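Visitor: So that you have it, the file is model-v4.cif, and it contains mmCIF, C-alpha atoms:
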data_my_file
#
loop_
_atom_site.group_PDB
_atom_site.id
_atom_site.type_symbol
_atom_site.label_atom_id
_atom_site.label_comp_id
_atom_site.auth_asym_id
_atom_site.auth_seq_id
_atom_site.Cartn_x
_atom_site.Cartn_y
_atom_site.Cartn_z
ATOM 1 C CA MET A 1 126.709 200.800 84.007
ATOM 2 C CA THR A 2 126.975 201.389 80.284
ATOM 3 C CA ARG A 3 123.946 201.346 78.055
ATOM 4 C CA ARG A 4 122.686 198.090 76.620
ATOM 5 C CA SER A 5 119.987 197.726 74.023
ATOM 6 C CA VAL A 6 117.896 194.976 72.503
ATOM 7 C CA PRO A 7 116.351 196.305 69.285
ATOM 8 C CA GLN A 8 112.848 195.288 68.298
ATOM 9 C CA SER A 9 114.300 193.290 65.402
ATOM 10 C CA ALA A 10 116.261 191.234 67.922
ATOM 11 C CA LEU A 11 113.227 190.564 70.109
ATOM 12 C CA ALA A 12 111.342 189.468 67.001
ATOM 13 C CA ASP A 13 113.976 186.771 66.472
ATOM 14 C CA LEU A 14 112.543 184.987 69.509
ATOM 15 C CA ALA A 15 109.359 184.237 67.548
ATOM 16 C CA ASP A 16 111.350 181.837 65.365
ATOM 17 C CA VAL A 17 113.025 180.018 68.250
ATOM 18 C CA PRO A 18 111.294 176.792 69.385
ATOM 19 C CA ALA A 19 111.948 177.531 73.053
ATOM 20 C CA THR A 20 110.208 179.110 76.039
ATOM 21 C CA SER A 21 111.707 182.007 77.988
ATOM 22 C CA ARG A 22 112.407 181.083 81.599
ATOM 23 C CA TRP A 23 113.321 183.505 84.347
ATOM 24 C CA VAL A 24 115.115 182.799 87.630
ATOM 25 C CA ARG A 25 116.909 184.826 90.273
ATOM 26 C CA SER A 26 120.505 184.423 91.368
ATOM 27 C CA GLY A 27 120.673 186.718 94.360
ATOM 28 C CA ASP A 28 119.610 190.109 93.009
ATOM 29 C CA VAL A 29 120.353 189.189 89.386
ATOM 30 C CA ARG A 30 117.422 188.184 87.179
ATOM 31 C CA LEU A 31 118.518 185.591 84.661
ATOM 32 C CA HIS A 32 116.858 184.671 81.377
ATOM 33 C CA ALA A 33 117.181 181.306 79.645
ATOM 34 C CA LEU A 34 115.733 179.615 76.561
ATOM 35 C CA ASP A 35 114.172 176.256 77.472
ATOM 36 C CA TYR A 36 113.570 173.874 74.563
ATOM 37 C CA GLY A 37 111.361 171.644 76.698
ATOM 38 C CA GLY A 38 110.590 167.953 76.654
ATOM 39 C CA ASP A 39 111.008 165.048 79.038
ATOM 40 C CA LEU A 40 114.585 164.155 78.105
ATOM 41 C CA PRO A 41 117.594 164.806 80.370
ATOM 42 C CA ALA A 42 118.451 168.489 80.578
ATOM 43 C CA LEU A 43 121.490 170.018 78.906
ATOM 44 C CA VAL A 44 122.421 173.423 80.342
ATOM 45 C CA VAL A 45 124.234 175.431 77.657
ATOM 46 C CA LEU A 46 126.594 178.239 78.649
ATOM 47 C CA PRO A 47 127.622 180.520 75.740
ATOM 48 C CA GLY A 48 130.736 182.629 75.203
ATOM 49 C CA ILE A 49 131.834 186.122 76.136
ATOM 50 C CA THR A 50 129.693 188.015 73.585
ATOM 51 C CA SER A 51 127.119 185.325 72.784
ATOM 52 C CA PRO A 52 123.587 185.783 74.119
ATOM 53 C CA ALA A 53 121.534 182.603 74.443
ATOM 54 C CA ILE A 54 119.793 182.951 71.086
ATOM 55 C CA THR A 55 123.111 182.706 69.255
ATOM 56 C CA MET A 56 123.314 179.044 70.358
ATOM 57 C CA ASP A 57 119.852 178.252 68.978
ATOM 58 C CA PHE A 58 121.228 176.620 65.846
ATOM 59 C CA VAL A 59 123.131 174.150 68.049
ATOM 60 C CA ALA A 60 120.359 173.556 70.587
ATOM 61 C CA ARG A 61 117.676 172.720 68.029
ATOM 62 C CA GLU A 62 119.905 169.951 66.590
ATOM 63 C CA LEU A 63 119.945 168.217 69.976
ATOM 64 C CA THR A 64 116.286 168.117 71.016
ATOM 65 C CA ASP A 65 115.927 164.423 70.146
ATOM 66 C CA LEU A 66 118.677 163.645 72.679
ATOM 67 C CA VAL A 67 118.295 166.247 75.446
ATOM 68 C CA ARG A 68 116.247 169.160 76.725
ATOM 69 C CA PRO A 69 118.504 172.142 75.992
ATOM 70 C CA VAL A 70 118.298 175.084 78.386
ATOM 71 C CA VAL A 71 120.485 177.939 77.132
ATOM 72 C CA LEU A 72 121.434 180.667 79.611
ATOM 73 C CA ASP A 73 121.754 184.361 78.885
ATOM 74 C CA VAL A 74 124.855 184.737 81.058
ATOM 75 C CA ARG A 75 124.658 187.792 83.315
ATOM 76 C CA GLY A 76 125.299 190.991 81.406
ATOM 77 C CA ARG A 77 124.175 189.464 78.100
ATOM 78 C CA GLY A 78 120.887 189.083 76.246
ATOM 79 C CA LEU A 79 117.891 189.598 78.506
ATOM 80 C CA SER A 80 119.663 188.823 81.797
ATOM 81 C CA ASP A 81 120.540 191.550 84.296
ATOM 82 C CA GLU A 82 124.008 192.924 84.829
ATOM 83 C CA GLY A 83 125.720 192.059 88.100
ATOM 84 C CA ASP A 84 128.247 193.371 90.589
ATOM 85 C CA GLY A 85 130.874 190.834 89.543
ATOM 86 C CA TYR A 86 131.874 188.824 86.505
ATOM 87 C CA GLY A 87 134.294 186.255 87.890
ATOM 88 C CA LEU A 88 134.010 182.499 87.635
ATOM 89 C CA ALA A 89 132.496 182.354 91.131
ATOM 90 C CA GLU A 90 129.599 184.657 90.172
ATOM 91 C CA TYR A 91 129.021 182.870 86.876
ATOM 92 C CA ALA A 92 129.051 179.475 88.608
ATOM 93 C CA GLU A 93 126.567 180.676 91.229
ATOM 94 C CA ASP A 94 124.214 181.813 88.452
ATOM 95 C CA THR A 95 124.428 178.424 86.751
ATOM 96 C CA GLU A 96 123.761 176.633 90.022
ATOM 97 C CA ALA A 97 120.769 178.919 90.646
ATOM 98 C CA LEU A 98 119.371 178.143 87.188
ATOM 99 C CA ILE A 99 119.679 174.397 87.758
ATOM 100 C CA THR A 100 118.148 174.594 91.230
ATOM 101 C CA ARG A 101 115.309 177.022 90.442
ATOM 102 C CA LEU A 102 114.213 175.096 87.344
ATOM 103 C CA GLY A 103 114.470 171.777 89.184
ATOM 104 C CA LEU A 104 116.795 170.264 86.585
ATOM 105 C CA ASP A 105 117.669 166.730 87.686
ATOM 106 C CA ARG A 106 121.359 165.920 87.155
ATOM 107 C CA PRO A 107 121.712 167.947 83.968
ATOM 108 C CA LEU A 108 124.544 167.753 81.507
ATOM 109 C CA LEU A 109 126.608 170.925 81.086
ATOM 110 C CA LEU A 110 127.863 172.271 77.755
ATOM 111 C CA GLY A 111 129.970 175.402 77.723
ATOM 112 C CA HIS A 112 131.664 177.165 74.833
ATOM 113 C CA SER A 113 134.659 179.468 75.407
ATOM 114 C CA MET A 114 133.786 181.542 78.505
ATOM 115 C CA GLY A 115 130.949 179.090 79.083
ATOM 116 C CA ALA A 116 133.421 176.192 79.087
ATOM 117 C CA ARG A 117 135.357 177.829 81.893
ATOM 118 C CA ILE A 118 132.106 178.336 83.800
ATOM 119 C CA ALA A 119 131.125 174.699 83.271
ATOM 120 C CA ALA A 120 134.485 173.551 84.640
ATOM 121 C CA ALA A 121 134.015 175.706 87.744
ATOM 122 C CA VAL A 122 130.469 174.398 88.328
ATOM 123 C CA ALA A 123 131.646 170.800 87.993
ATOM 124 C CA VAL A 124 134.523 171.299 90.435
ATOM 125 C CA ARG A 125 132.422 173.207 92.986
ATOM 126 C CA ALA A 126 129.985 170.257 93.051
ATOM 127 C CA LYS A 127 127.145 172.348 94.529
ATOM 128 C CA VAL A 128 124.648 170.711 92.139
ATOM 129 C CA PRO A 129 124.689 167.083 90.898
ATOM 130 C CA LEU A 130 125.615 166.729 87.241
ATOM 131 C CA ARG A 131 125.364 163.912 84.696
ATOM 132 C CA GLY A 132 128.488 165.050 82.835
ATOM 133 C CA THR A 133 130.364 168.033 81.422
ATOM 134 C CA VAL A 134 131.336 169.026 77.883
ATOM 135 C CA LEU A 135 133.799 171.874 77.379
ATOM 136 C CA ALA A 136 134.110 173.408 73.908
ATOM 137 C CA ASP A 137 137.346 175.309 73.222
ATOM 138 C CA PRO A 138 137.914 176.749 76.713
ATOM 139 C CA PRO A 139 140.317 179.711 76.877
ATOM 140 C CA MET A 140 143.650 178.347 78.124
ATOM 141 C CA SER A 141 145.282 181.739 78.533
ATOM 142 C CA GLY A 142 146.054 182.922 82.030
ATOM 143 C CA PRO A 143 148.855 184.011 84.338
ATOM 144 C CA ASP A 144 152.246 183.172 82.770
ATOM 145 C CA ARG A 145 150.464 181.609 79.773
ATOM 146 C CA GLY A 146 150.302 184.574 77.425
ATOM 147 C CA PRO A 147 147.397 186.818 76.457
ATOM 148 C CA TYR A 148 144.023 185.772 75.131
ATOM 149 C CA PRO A 149 144.393 185.871 71.316
ATOM 150 C CA THR A 150 141.509 188.320 70.774
ATOM 151 C CA THR A 151 142.335 191.627 72.430
ATOM 152 C CA ARG A 152 139.956 193.611 74.595
ATOM 153 C CA GLU A 153 140.112 196.413 72.024
ATOM 154 C CA VAL A 154 138.776 194.144 69.282
ATOM 155 C CA PHE A 155 135.802 193.157 71.440
ATOM 156 C CA LEU A 156 135.102 196.790 72.303
ATOM 157 C CA ARG A 157 135.335 197.851 68.665
ATOM 158 C CA GLN A 158 132.776 195.211 67.690
ATOM 159 C CA LEU A 159 130.538 196.304 70.578
ATOM 160 C CA ALA A 160 130.780 199.944 69.435
ATOM 161 C CA GLU A 161 129.753 198.892 65.924
ATOM 162 C CA ALA A 162 126.741 197.070 67.360
ATOM 163 C CA ARG A 163 125.690 200.083 69.431
ATOM 164 C CA ARG A 164 126.015 202.324 66.412
ATOM 165 C CA GLY A 165 123.942 199.896 64.385
ATOM 166 C CA THR A 166 125.684 197.127 62.472
ATOM 167 C CA ASP A 167 124.464 194.548 59.974
ATOM 168 C CA ALA A 168 125.334 191.053 58.812
ATOM 169 C CA ASP A 169 127.646 192.348 56.085
ATOM 170 C CA GLU A 170 129.778 194.185 58.628
ATOM 171 C CA VAL A 171 129.806 191.145 60.934
ATOM 172 C CA ALA A 172 130.947 189.068 57.958
ATOM 173 C CA VAL A 173 134.138 191.136 57.780
ATOM 174 C CA SER A 174 135.195 189.572 61.090
ATOM 175 C CA TRP A 175 133.426 186.237 60.635
ATOM 176 C CA PRO A 176 133.242 185.585 56.873
ATOM 177 C CA THR A 177 132.612 181.831 57.009
ATOM 178 C CA TRP A 178 129.685 181.877 59.442
ATOM 179 C CA PRO A 179 126.205 180.877 58.264
ATOM 180 C CA ARG A 180 124.269 183.994 57.230
ATOM 181 C CA ARG A 181 121.630 183.584 59.946
ATOM 182 C CA GLU A 182 124.315 183.555 62.630
ATOM 183 C CA GLN A 183 125.872 186.713 61.220
ATOM 184 C CA GLU A 184 122.446 188.352 61.335
ATOM 185 C CA LEU A 185 121.809 187.270 64.939
ATOM 186 C CA ARG A 186 125.162 188.605 66.070
ATOM 187 C CA ALA A 187 124.454 191.917 64.354
ATOM 188 C CA ARG A 188 121.127 192.282 66.166
ATOM 189 C CA TRP A 189 122.067 190.904 69.607
ATOM 190 C CA LEU A 190 125.636 192.038 70.316
ATOM 191 C CA SER A 191 124.414 195.392 71.650
ATOM 192 C CA SER A 192 122.690 193.486 74.486
ATOM 193 C CA CYS A 193 126.112 192.726 75.991
ATOM 194 C CA ALA A 194 127.368 194.972 78.790
ATOM 195 C CA GLU A 195 130.781 196.532 78.297
ATOM 196 C CA GLU A 196 131.664 195.848 81.949
ATOM 197 C CA ALA A 197 130.858 192.154 81.488
ATOM 198 C CA ILE A 198 133.089 191.895 78.417
ATOM 199 C CA VAL A 199 135.994 193.780 79.964
ATOM 200 C CA ALA A 200 135.865 191.869 83.253
ATOM 201 C CA THR A 201 135.563 188.504 81.539
ATOM 202 C CA HIS A 202 138.457 189.278 79.201
ATOM 203 C CA HIS A 203 140.503 190.217 82.262
ATOM 204 C CA GLY A 204 139.543 186.862 83.762
ATOM 205 C CA PHE A 205 140.765 185.044 80.658
ATOM 206 C CA GLU A 206 144.224 186.419 81.407
ATOM 207 C CA HIS A 207 144.184 186.329 85.217
ATOM 208 C CA GLU A 208 142.144 183.198 86.089
ATOM 209 C CA ASP A 209 143.985 180.033 85.099
ATOM 210 C CA PHE A 210 141.829 177.367 83.417
ATOM 211 C CA PHE A 211 144.279 174.741 84.621
ATOM 212 C CA ASP A 212 143.461 175.578 88.240
ATOM 213 C CA TRP A 213 140.093 173.939 87.466
ATOM 214 C CA TRP A 214 140.516 171.465 84.630
ATOM 215 C CA PRO A 215 142.572 168.772 86.441
ATOM 216 C CA LYS A 216 139.872 168.643 89.131
ATOM 217 C CA VAL A 217 136.870 168.416 86.783
ATOM 218 C CA PRO A 218 135.261 165.089 87.708
ATOM 219 C CA GLY A 219 134.207 162.546 85.136
ATOM 220 C CA PRO A 220 132.503 162.021 82.941
ATOM 221 C CA ALA A 221 133.895 165.009 81.083
ATOM 222 C CA HIS A 222 134.836 165.659 77.454
ATOM 223 C CA LEU A 223 136.713 168.503 75.771
ATOM 224 C CA LEU A 224 136.114 169.608 72.168
ATOM 225 C CA TYR A 225 138.550 171.941 70.435
ATOM 226 C CA GLY A 226 139.105 173.415 67.001
ATOM 227 C CA ALA A 227 141.993 172.017 64.999
ATOM 228 C CA ASP A 228 142.909 175.589 64.016
ATOM 229 C CA SER A 229 141.958 177.263 67.292
ATOM 230 C CA PRO A 230 144.331 179.944 68.608
ATOM 231 C CA VAL A 231 142.678 179.482 72.003
ATOM 232 C CA VAL A 232 143.382 175.763 72.438
ATOM 233 C CA THR A 233 146.782 175.340 70.836
ATOM 234 C CA SER A 234 148.490 171.991 70.287
ATOM 235 C CA ASP A 235 150.479 172.597 73.474
ATOM 236 C CA GLY A 236 147.289 173.462 75.334
ATOM 237 C CA ALA A 237 145.553 170.331 74.105
ATOM 238 C CA ARG A 238 148.543 168.249 75.168
ATOM 239 C CA GLU A 239 148.536 169.774 78.664
ATOM 240 C CA ALA A 240 144.770 169.250 78.925
ATOM 241 C CA ALA A 241 145.153 165.572 78.000
ATOM 242 C CA GLU A 242 147.981 165.056 80.485
ATOM 243 C CA SER A 243 146.402 166.956 83.386
ATOM 244 C CA ASN A 244 142.995 165.216 83.196
ATOM 245 C CA PRO A 245 143.714 161.898 81.444
ATOM 246 C CA ALA A 246 140.251 160.454 82.143
ATOM 247 C CA ALA A 247 138.619 163.137 79.965
ATOM 248 C CA PRO A 248 138.641 162.414 76.201
ATOM 249 C CA LEU A 249 139.638 165.239 73.840
ATOM 250 C CA HIS A 250 137.914 165.630 70.460
ATOM 251 C CA ARG A 251 139.640 167.609 67.683
ATOM 252 C CA ILE A 252 137.266 169.335 65.239
ATOM 253 C CA PRO A 253 138.837 169.584 61.754
ATOM 254 C CA GLY A 254 138.320 172.816 59.856
ATOM 255 C CA ALA A 255 137.371 174.789 62.956
ATOM 256 C CA GLY A 256 138.958 177.630 64.833
ATOM 257 C CA HIS A 257 137.803 178.822 68.237
ATOM 258 C CA MET A 258 134.163 179.211 67.154
ATOM 259 C CA ILE A 259 133.851 175.506 66.448
ATOM 260 C CA PHE A 260 130.065 175.306 65.994
ATOM 261 C CA TRP A 261 130.053 178.338 63.680
ATOM 262 C CA ASP A 262 133.193 177.400 61.744
ATOM 263 C CA ALA A 263 132.355 173.723 61.158
ATOM 264 C CA PRO A 264 128.665 173.308 62.085
ATOM 265 C CA ALA A 265 128.094 169.817 60.712
ATOM 266 C CA THR A 266 131.306 168.284 62.066
ATOM 267 C CA ALA A 267 131.163 169.982 65.458
ATOM 268 C CA THR A 268 127.491 169.141 65.996
ATOM 269 C CA ALA A 269 128.002 165.519 64.937
ATOM 270 C CA THR A 270 130.889 165.204 67.398
ATOM 271 C CA LEU A 271 128.806 166.801 70.141
ATOM 272 C CA ARG A 272 125.923 164.405 69.466
ATOM 273 C CA THR A 273 128.298 161.441 69.744
ATOM 274 C CA VAL A 274 129.657 162.763 73.042
ATOM 275 C CA LEU A 275 126.180 163.394 74.463
ATOM 276 C CA THR A 276 125.026 159.929 73.408
ATOM 277 C CA THR A 277 128.016 158.475 75.260
ATOM 278 C CA LEU A 278 127.238 160.503 78.373
ATOM 279 C CA LEU A 279 123.584 159.472 78.284
ATOM 280 C CA SER A 280 124.344 155.757 77.862
ATOM 281 C CA PRO A 281 124.242 153.584 80.990
ATOM 282 C CA PRO A 282 127.724 152.653 82.216
ATOM 283 C CA ALA A 283 129.088 149.361 80.979
ATOM 284 C CA GLY A 284 129.283 146.577 83.538
ATOM 285 C CA PRO A 285 127.365 143.685 85.010
ATOM 286 C CA HIS A 286 123.582 143.914 85.110
ATOM 287 C CA PRO A 287 122.374 144.528 88.697
ATOM 288 C CA ARG A 288 120.720 141.070 88.604
ATOM 289 C CA ASP A 289 124.082 139.492 87.823
ATOM 290 C CA GLN A 290 125.746 141.426 90.634
ATOM 291 C CA ALA A 291 123.113 140.133 93.059
ATOM 292 C CA ARG A 292 123.897 136.585 91.914
ATOM 293 C CA GLY A 293 127.612 137.086 92.255
ATOM 294 C CA GLY A 294 128.120 137.273 88.465
ATOM 295 C CA SER A 295 131.274 138.742 87.015
#
As a first step, turn the structure in this file into structure tokens.
Guide:
Amino acid sequence: MTRRSVPQSALADLADVPATSRWVRSGDVRLHALDYGGDLPALVVLPGITSPAITMDFVARELTDLVRPVVLDVRGRGLSDEGDGYGLAEYAEDTEALITRLGLDRPLLLGHSMGARIAAAVAVRAKVPLRGTVLADPPMSGPDRGPYPTTREVFLRQLAEARRGTDADEVAVSWPTWPRREQELRARWLSSCAEEAIVATHHGFEHEDFFDWWPKVPGPAHLLYGADSPVVTSDGAREAAESNPAAPLHRIPGAGHMIFWDAPATATATLRTVLTTLLSPPAGPHPRDQARGGS
């Protein structure tokens, strides 16, 4: 196990987040999540490879009039424990444990990047009932599909900078267009990510095929992707549309892989439209009409 740290300045960020910390167990792993509360249908949010839960706060707080966001610190990130494995099976089990332990009734799932792959696995495993699934720019690399566009060495260099003590200006070198607050959060929280979790997940991006799962993801499901994403290329988007034709694809102009960070207004507006669709009752005859033999 390599060292992880959460500096006091990072913990202080939680004071500005309108959410309550929730803790559950998945086997021996203690998981932390940010619960935004309310009586609306739950939306379980699964972040990316080096994104603790708090880094999705700016998305979650824009959705609280539609859903009750619950954002998971995926194992090995944020305040959650490390684990013995970091494959899709372990990540899916954690998500299922979160849903079960918090008593979330048919939640929606939203996953970005690594989280999108996890959401696909949870939907296909069907161990917990879901209301719908939204995948945001899932890595489509895998066996015989070429490498993930960000190398393991780049991730490890950024992690080393965080352990040494980075700041928003240094983060801006890699992510110059991000909102300043998100650069600051990444600077303070990246050191909470375990090296083993990053390395194993990156390995999974190149050895676990997304398309083993995606064609079997049941509806309703939607896929969002960045128009300029190197992760979901035009060929990848075409294959995704052909292999699961019931799932609409939504192209986010002006966005790369980090769609919510690159194009916050457009990506969030698209997400809100998708969630509204998923929360709407299905079209069809009113039950009264069905009882009367209406058509």
Visitor: Write out as a JSON list (two decimals) with C-alpha atoms, keeping the file's coordinate frame the residues lying within 6 Å of range 36-47 of chain A, counting only C-alpha atoms and excluding same-chain residues fewer than 5 positions away.
Guide:
[["chain", "number", "residue", "atom", "x", "y", "z"],
["A", 19, "ALA", "CA", 111.95, 177.53, 73.05],
["A", 67, "VAL", "CA", 118.30, 166.25, 75.45],
["A", 68, "ARG", "CA", 116.25, 169.16, 76.72],
["A", 69, "PRO", "CA", 118.50, 172.14, 75.99],
["A", 70, "VAL", "CA", 118.30, 175.08, 78.39],
["A", 71, "VAL", "CA", 120.48, 177.94, 77.13],
["A", 72, "LEU", "CA", 121.43, 180.67, 79.61],
["A", 107, "PRO", "CA", 121.71, 167.95, 83.97],
["A", 108, "LEU", "CA", 124.54, 167.75, 81.51],
["A", 109, "LEU", "CA", 126.61, 170.92, 81.09],
["A", 110, "LEU", "CA", 127.86, 172.27, 77.76],
["A", 111, "GLY", "CA", 129.97, 175.40, 77.72],
["A", 112, "HIS", "CA", 131.66, 177.16, 74.83],
["A", 115, "GLY", "CA", 130.95, 179.09, 79.08]]
Visitor: If you measure from CA of Ser113 in chain A to CA of Asp137 in chain A, what distance in Å do you get, rounded to one decimal?
Guide: 5.4 Å
Visitor: Counting all atoms listed in the file, I want the residues whose atoms come within 9 Å of (117.2, 193.8, 71.0) in the file frame, returned as an mmCIF file with C-alpha atoms, in the coordinates of the input.
Guide:
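The resulting file, result.cif, is reproduced below:
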data_model
loop_
_atom_site.group_PDB
_atom_site.id
_atom_site.type_symbol
_atom_site.label_atom_id
_atom_site.label_comp_id
_atom_site.auth_asym_id
_atom_site.auth_seq_id
_atom_site.Cartn_x
_atom_site.Cartn_y
_atom_site.Cartn_z
ATOM 1 C CA ARG A 4 122.686 198.090 76.620
ATOM 2 C CA SER A 5 119.987 197.726 74.023
ATOM 3 C CA VAL A 6 117.896 194.976 72.503
ATOM 4 C CA PRO A 7 116.351 196.305 69.285
ATOM 5 C CA GLN A 8 112.848 195.288 68.298
ATOM 6 C CA SER A 9 114.300 193.290 65.402
ATOM 7 C CA ALA A 10 116.261 191.234 67.922
ATOM 8 C CA LEU A 11 113.227 190.564 70.109
ATOM 9 C CA ALA A 12 111.342 189.468 67.001
ATOM 10 C CA ASP A 13 113.976 186.771 66.472
ATOM 11 C CA GLY A 78 120.887 189.083 76.246
ATOM 12 C CA LEU A 79 117.891 189.598 78.506
ATOM 13 C CA ARG A 188 121.127 192.282 66.166
ATOM 14 C CA TRP A 189 122.067 190.904 69.607
ATOM 15 C CA LEU A 190 125.636 192.038 70.316
ATOM 16 C CA SER A 191 124.414 195.392 71.650
ATOM 17 C CA SER A 192 122.690 193.486 74.486
#
Visitor: Rank nothing, just name the residue among A:Ile54, A:Trp175, A:Asp169, A:Ile49 nearest to Ala15 in chain A, using only C-alpha atoms.
Guide: A:Ile54
Visitor: Would you compute the distance between CA of Pro52 in chain A and CA of Val134 in chain A? Give it in Å to one decimal.
Guide: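 Rounded to one decimal, the two atoms are 18.8 Å apart.
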Visitor: As JSON, please: the centre and edge lengths in Å, to one decimal, of an axis-aligned box enclosing every listed atom of range 155-162 of chain A with 6 Å added on each side.
Guide:
{"center_x": 131.3, "center_y": 196.6, "center_z": 69.1, "size_x": 21.1, "size_y": 18.8, "size_z": 18.4}
Visitor: Under the PyMOL selection byres ((chain A and resi 228) around 12), which residues of this model are included? Write them out as a ChimeraX atom specification.
Guide: /A:137,225-227,229-234,237,251-259,262-263
